Amino acid sequence: MRIGVDFRGVLTGQISGVEQYTLQILKNLLAIDTTNTYVLFYVAYRDQDEVLQKLRKEYPFLANANVEVKKLKWVNFPLLLHAFFKPLNWPKADVICGGLDIMFMPAPRLLPLSRKCKKVTTFHDLIFLIYPQFYTLSSRLWQWQMSYPYEARTSDAVIAVSHTTKQDLVRLVKADPKKIRVVYEGVGKEYFAGKDAHIFADLKAKFNLPEKFIYYIGSIEPRKNLKSVILALKIYQQKHSDTMKLVLSGSKSWLSSDLYQLVQELGLAQDVIFTGRVSDREKIALMQYACAFVFPSFYEGFGLMVLEAFAAGCPVIISDRGALPEVAGKAALTVSPDDVQAMADALAQIAHDATLRSQLVHQGRLRAESFTWEKAAKQTLEIFQRVVKT
């Protein structure tokens with residue numbers, strides 16, 4: 001088979017959730033499949049060629065013998081693409097790629113294809129339909145013009161990263177449940193490694209980290225419910241004498257200015273540490289040394305960070321919404337995202353109950369071991385093979 005991969009999202013310069021998913025699935029597909037040819041498709045404008053070259057050096061599997069790269073040359077005005085892609089359904093990406101049996105879309109995105117080319121699309125969540133208030137108008141317009149119902153309807157198979165997301169697809173965009181296959185994401189082996197004291201020592205000096213801290217990594221946006229974590233930290237500090245602090249890693253996203261204002265109003269400027277983006281090695285070290293990992297989102301389609309914290313040996317507190325309970329099972333403490341007092345109590349339990357902490361670490365590692373990228377890649381390849389035969 002000639003399998004196309006929509007690689008445009010990876011060339012944005014930010015390796016966040018969907019981009020990480022794309023790279024991990026590709027890495028593991030290429031490790032188990034040397035027979036089929038994988039064609040990376042992208043649109044060449046601005047600095048996309050240079051970004052791709054850097055990625056191929058950083059991720060050598062992108063230059064494997066059975067990997068081709070094909071591009072649509074375009075003027076330095078990407079918005080003009082939509083004038084062709086949506087109403088004209090042109091140019092056909094599979095034709096540009098020299099002919100494809102199937103195009104794999106790691107996330108729903110406009111891309112014209114010939115009728116003879118099959119399409120498999122992964123849906124990670126439909127949060128913008130469930131909680132539109134957590135998105136700016138421009139973000140909602142961007143999501144809307146991606147036409148999720150159309151992408152689900154025109155895909156020969158749909159991959160949902162959780163049963164929660166599958167249910168949302170059926171309920172919100174009327175996707176055919178017979179088309180949908182749930183394929184869980186995985187955890188890299190590097191997260192199970194032992195603690196690296198040298199990396200953490202560098203981080204401790206770089207960010208002036210305390211001995212005891214709660215950790216979060218992800219985008220800094222309202223949906224992640226970080227205000228509740230900050231309020232819970234304040235309640236915790238008022239009741240307990242230790243110097244627990246909060247470390248937040250990730251890029252500032254939309255509608256987040258109120259969060260920084262709340263930190264100032266509560267007098268927590270010295271107790272909430274914003275690190276910005278960190279490398280994977282730094283993230284793992286922070287998870288390994290944190291007292292607890294908090295992920296109290298109002299909604300997640302999966303929640304990969306929870307599994308990564310499990311693998312790193314960190315106790316986890318999650319919300320009881322979306323796919324988080326599905327992913328975590330019984331290996332995390334669960335609270336309502338609206339219950340700040342319950343979150344503060346959960347922090348106190350982990351901080352002061354060594355037995356509970358040990359149990360959560362053990363259960364978390366066992367849980368994480370059942371989610372692998374190799375398994376996800378094998379299931380994805382099976383879907384490709386089935387779709388091409390139909």
# chains A, B, ... in the order shown; residues from 1 in each chain; ligands from 1
>>> residues_around(residues="stretch 169-179 of chain A", least_positions_apart="2", cutoff="12 Å", atoms="only C-alpha atoms", output="ChimeraX atom specification")
/A:119-130,144,147-167,181-182,301,383,386-387
>>> write_last_selection(atoms="N, CA and C atoms", output="compact mmCIF listing (two decimals), in the first residue's frame")
# COMPACT_ATOMS: atom_id res chain seq x y z
N LYS A 119 -9.91 7.19 3.05
CA LYS A 119 -9.52 8.15 4.09
C LYS A 119 -9.82 7.60 5.47
N VAL A 120 -8.83 7.69 6.35
CA VAL A 120 -8.99 7.32 7.76
C VAL A 120 -8.65 8.55 8.59
N THR A 121 -9.57 8.96 9.46
CA THR A 121 -9.39 10.19 10.25
C THR A 121 -9.46 9.89 11.74
N THR A 122 -8.51 10.44 12.48
CA THR A 122 -8.52 10.32 13.94
C THR A 122 -9.18 11.55 14.55
N PHE A 123 -10.14 11.31 15.43
CA PHE A 123 -10.78 12.38 16.19
C PHE A 123 -10.32 12.28 17.64
N HIS A 124 -9.80 13.38 18.17
CA HIS A 124 -9.27 13.40 19.54
C HIS A 124 -10.31 13.88 20.55
N ASP A 125 -11.13 14.82 20.15
CA ASP A 125 -12.19 15.31 21.03
C ASP A 125 -13.12 16.21 20.24
N LEU A 126 -14.25 16.55 20.86
CA LEU A 126 -15.20 17.50 20.30
C LEU A 126 -15.51 18.57 21.34
N ILE A 127 -14.48 18.97 22.07
CA ILE A 127 -14.67 19.87 23.21
C ILE A 127 -15.24 21.22 22.78
N PHE A 128 -14.86 21.70 21.60
CA PHE A 128 -15.34 23.02 21.18
C PHE A 128 -16.85 23.02 20.97
N LEU A 129 -17.45 21.83 20.76
CA LEU A 129 -18.90 21.74 20.65
C LEU A 129 -19.56 21.60 22.02
N ILE A 130 -18.84 21.03 22.97
CA ILE A 130 -19.39 20.78 24.31
C ILE A 130 -19.24 22.00 25.21
N TRP A 144 -15.08 25.32 13.35
CA TRP A 144 -16.30 25.16 12.56
C TRP A 144 -15.99 24.91 11.09
N SER A 147 -15.30 21.50 9.51
CA SER A 147 -16.43 20.64 9.11
C SER A 147 -16.31 19.22 9.66
N TYR A 148 -16.32 19.10 10.98
CA TYR A 148 -16.19 17.78 11.59
C TYR A 148 -17.26 16.78 11.13
N PRO A 149 -18.54 17.19 11.04
CA PRO A 149 -19.54 16.24 10.55
C PRO A 149 -19.21 15.72 9.15
N TYR A 150 -18.75 16.63 8.28
CA TYR A 150 -18.39 16.24 6.92
C TYR A 150 -17.20 15.29 6.93
N GLU A 151 -16.19 15.60 7.74
CA GLU A 151 -14.99 14.74 7.80
C GLU A 151 -15.33 13.36 8.32
N ALA A 152 -16.20 13.28 9.32
CA ALA A 152 -16.61 11.98 9.85
C ALA A 152 -17.40 11.20 8.80
N ARG A 153 -18.27 11.91 8.07
CA ARG A 153 -19.13 11.26 7.08
C ARG A 153 -18.33 10.76 5.88
N THR A 154 -17.32 11.53 5.45
CA THR A 154 -16.57 11.18 4.24
C THR A 154 -15.37 10.28 4.52
N SER A 155 -15.10 9.98 5.78
CA SER A 155 -13.99 9.07 6.10
C SER A 155 -14.47 7.63 5.97
N ASP A 156 -13.63 6.78 5.41
CA ASP A 156 -13.97 5.37 5.28
C ASP A 156 -13.88 4.66 6.63
N ALA A 157 -13.05 5.18 7.51
CA ALA A 157 -12.98 4.70 8.88
C ALA A 157 -12.61 5.86 9.78
N VAL A 158 -13.11 5.83 10.99
CA VAL A 158 -12.83 6.88 11.98
C VAL A 158 -12.17 6.23 13.19
N ILE A 159 -11.07 6.83 13.62
CA ILE A 159 -10.41 6.40 14.85
C ILE A 159 -10.77 7.38 15.95
N ALA A 160 -11.29 6.86 17.06
CA ALA A 160 -11.56 7.68 18.25
C ALA A 160 -10.55 7.27 19.31
N VAL A 161 -9.97 8.23 20.00
CA VAL A 161 -8.92 7.92 20.96
C VAL A 161 -9.46 7.43 22.30
N SER A 162 -10.79 7.43 22.45
CA SER A 162 -11.41 6.90 23.66
C SER A 162 -12.86 6.56 23.35
N HIS A 163 -13.47 5.75 24.22
CA HIS A 163 -14.90 5.46 24.07
C HIS A 163 -15.72 6.72 24.30
N THR A 164 -15.22 7.61 25.14
CA THR A 164 -15.89 8.89 25.38
C THR A 164 -15.98 9.70 24.08
N THR A 165 -14.86 9.76 23.37
CA THR A 165 -14.84 10.49 22.11
C THR A 165 -15.73 9.82 21.07
N LYS A 166 -15.76 8.49 21.07
CA LYS A 166 -16.65 7.77 20.15
C LYS A 166 -18.11 8.14 20.43
N GLN A 167 -18.50 8.14 21.69
CA GLN A 167 -19.87 8.51 22.05
C GLN A 167 -20.19 9.94 21.64
N ARG A 181 -13.61 3.04 15.31
CA ARG A 181 -12.81 2.09 16.08
C ARG A 181 -12.06 2.87 17.15
N VAL A 182 -12.15 2.43 18.38
CA VAL A 182 -11.43 3.08 19.47
C VAL A 182 -10.00 2.55 19.52
N GLY A 301 -10.64 14.57 25.72
CA GLY A 301 -10.98 13.46 24.85
C GLY A 301 -10.17 12.22 25.14
N ILE A 383 -6.56 -1.22 10.71
CA ILE A 383 -7.64 -0.41 10.15
C ILE A 383 -7.32 -0.05 8.70
N ARG A 386 -7.86 -3.14 6.51
CA ARG A 386 -9.28 -3.46 6.36
C ARG A 386 -9.97 -2.50 5.40
N VAL A 387 -9.66 -1.21 5.53
CA VAL A 387 -10.30 -0.19 4.70
C VAL A 387 -9.94 -0.37 3.23
>>> select_by_dssp(residues="stretch 18-230 of chain A", states="strand (DSSP E or B)", output="number ranges by chain")
A: 37-44, 67-73, 102-105, 118-123, 157-160, 180-182, 213-217, 220
>>> atom_distance(atom1="atom CA of A:Pro91", atom2="atom CA of A:Leu381")
26.7 Å
>>> closest_atom_pairs(of="stretch 253-303 of chain A", to="stretch 209-224 of chain A", cutoff="10 Å", atoms="only C-alpha atoms", output="tab-separated table")
residue	atom	partner	partner_atom	distance
A:Ser253	CA	A:Ile220	CA	5.3
A:Trp254	CA	A:Glu221	CA	5.8
A:Leu255	CA	A:Glu221	CA	6.2
A:Ser256	CA	A:Glu221	CA	5.2
A:Ser257	CA	A:Glu221	CA	9.0
A:Asp258	CA	A:Pro222	CA	9.0
A:Leu259	CA	A:Pro222	CA	8.3
A:Asp271	CA	A:Pro210	CA	9.2
A:Val272	CA	A:Phe213	CA	9.5
A:Ile273	CA	A:Leu209	CA	8.0
A:Phe274	CA	A:Ile220	CA	9.9
A:Thr275	CA	A:Ile217	CA	9.6
A:Gly276	CA	A:Ile217	CA	9.3
A:Arg277	CA	A:Ile217	CA	8.6
A:Val278	CA	A:Ile217	CA	8.9
A:Lys283	CA	A:Ile217	CA	7.8
A:Leu286	CA	A:Tyr215	CA	7.3
A:Met287	CA	A:Tyr215	CA	6.9
A:Gln288	CA	A:Tyr215	CA	9.9
A:Tyr289	CA	A:Phe213	CA	8.4
A:Ala290	CA	A:Phe213	CA	5.6
A:Cys291	CA	A:Ile214	CA	5.6
A:Ala292	CA	A:Ile214	CA	5.0
A:Phe293	CA	A:Tyr215	CA	4.8
A:Val294	CA	A:Tyr216	CA	5.6
A:Phe295	CA	A:Tyr216	CA	6.7
A:Pro296	CA	A:Lys224	CA	6.5
A:Ser297	CA	A:Lys224	CA	4.2
A:Phe298	CA	A:Arg223	CA	5.6
A:Tyr299	CA	A:Arg223	CA	7.0
A:Glu300	CA	A:Lys224	CA	8.8
>>> residues_around(residues="stretch 53-57 of chain A", least_positions_apart="6", cutoff="12 Å", atoms="only C-alpha atoms", output="list of chain:residue names")
A:Phe7, A:Val10, A:Leu11, A:Thr12, A:Gly13, A:Gln14, A:Ile15, A:Glu19, A:Leu23, A:Lys27, A:Leu40, A:Asp47, A:Ala63, A:Asn64, A:Val67, A:Glu68, A:Val69
>>> closest_residue(among="A:Ile318, A:Leu231, A:Leu26, A:Ala323", to="A:Gly4", atoms="only C-alpha atoms")
A:Leu26
>>> atom_distance(atom1="atom CA of A:Tyr135", atom2="atom CA of A:Asp338")
18.9 Å
>>> residues_around(residues="A:Lys116", least_positions_apart="4", cutoff="10 Å", atoms="only C-alpha atoms", output="list in words")
Asp94, Gly99, Leu100, Asp101 and Ile102 of chain A
>>> write_last_selection(atoms="C-alpha atoms", output="PDB file, in the first residue's frame")
ATOM      1  CA  ASP A  94      -3.388  11.957  -3.383  1.00  0.00           C
ATOM      2  CA  GLY A  99      -1.229   8.158  -6.125  1.00  0.00           C
ATOM      3  CA  LEU A 100      -2.302   6.747  -2.769  1.00  0.00           C
ATOM      4  CA  ASP A 101      -4.349   3.820  -1.565  1.00  0.00           C
ATOM      5  CA  ILE A 102      -5.242   5.618   1.630  1.00  0.00           C
TER       6      ILE A 102
END
>>> select_by_dssp(residues="stretch 67-271 of chain A", states="alpha helix (DSSP H)", output="VMD selection string")
chain A and resid 81 to 85 93 to 96 127 to 130 137 to 145 148 to 154 163 to 172 197 to 207 226 to 239 257 to 265
>>> closest_residue(among="A:Lys375, A:Pro106, A:Asp345, A:Ala201", to="A:Gln237", atoms="only C-alpha atoms")
A:Asp345
>>> closest_residue(among="A:Leu111, A:Val306, A:Cys97, A:Ala312", to="A:Tyr191", atoms="only C-alpha atoms")
A:Ala312
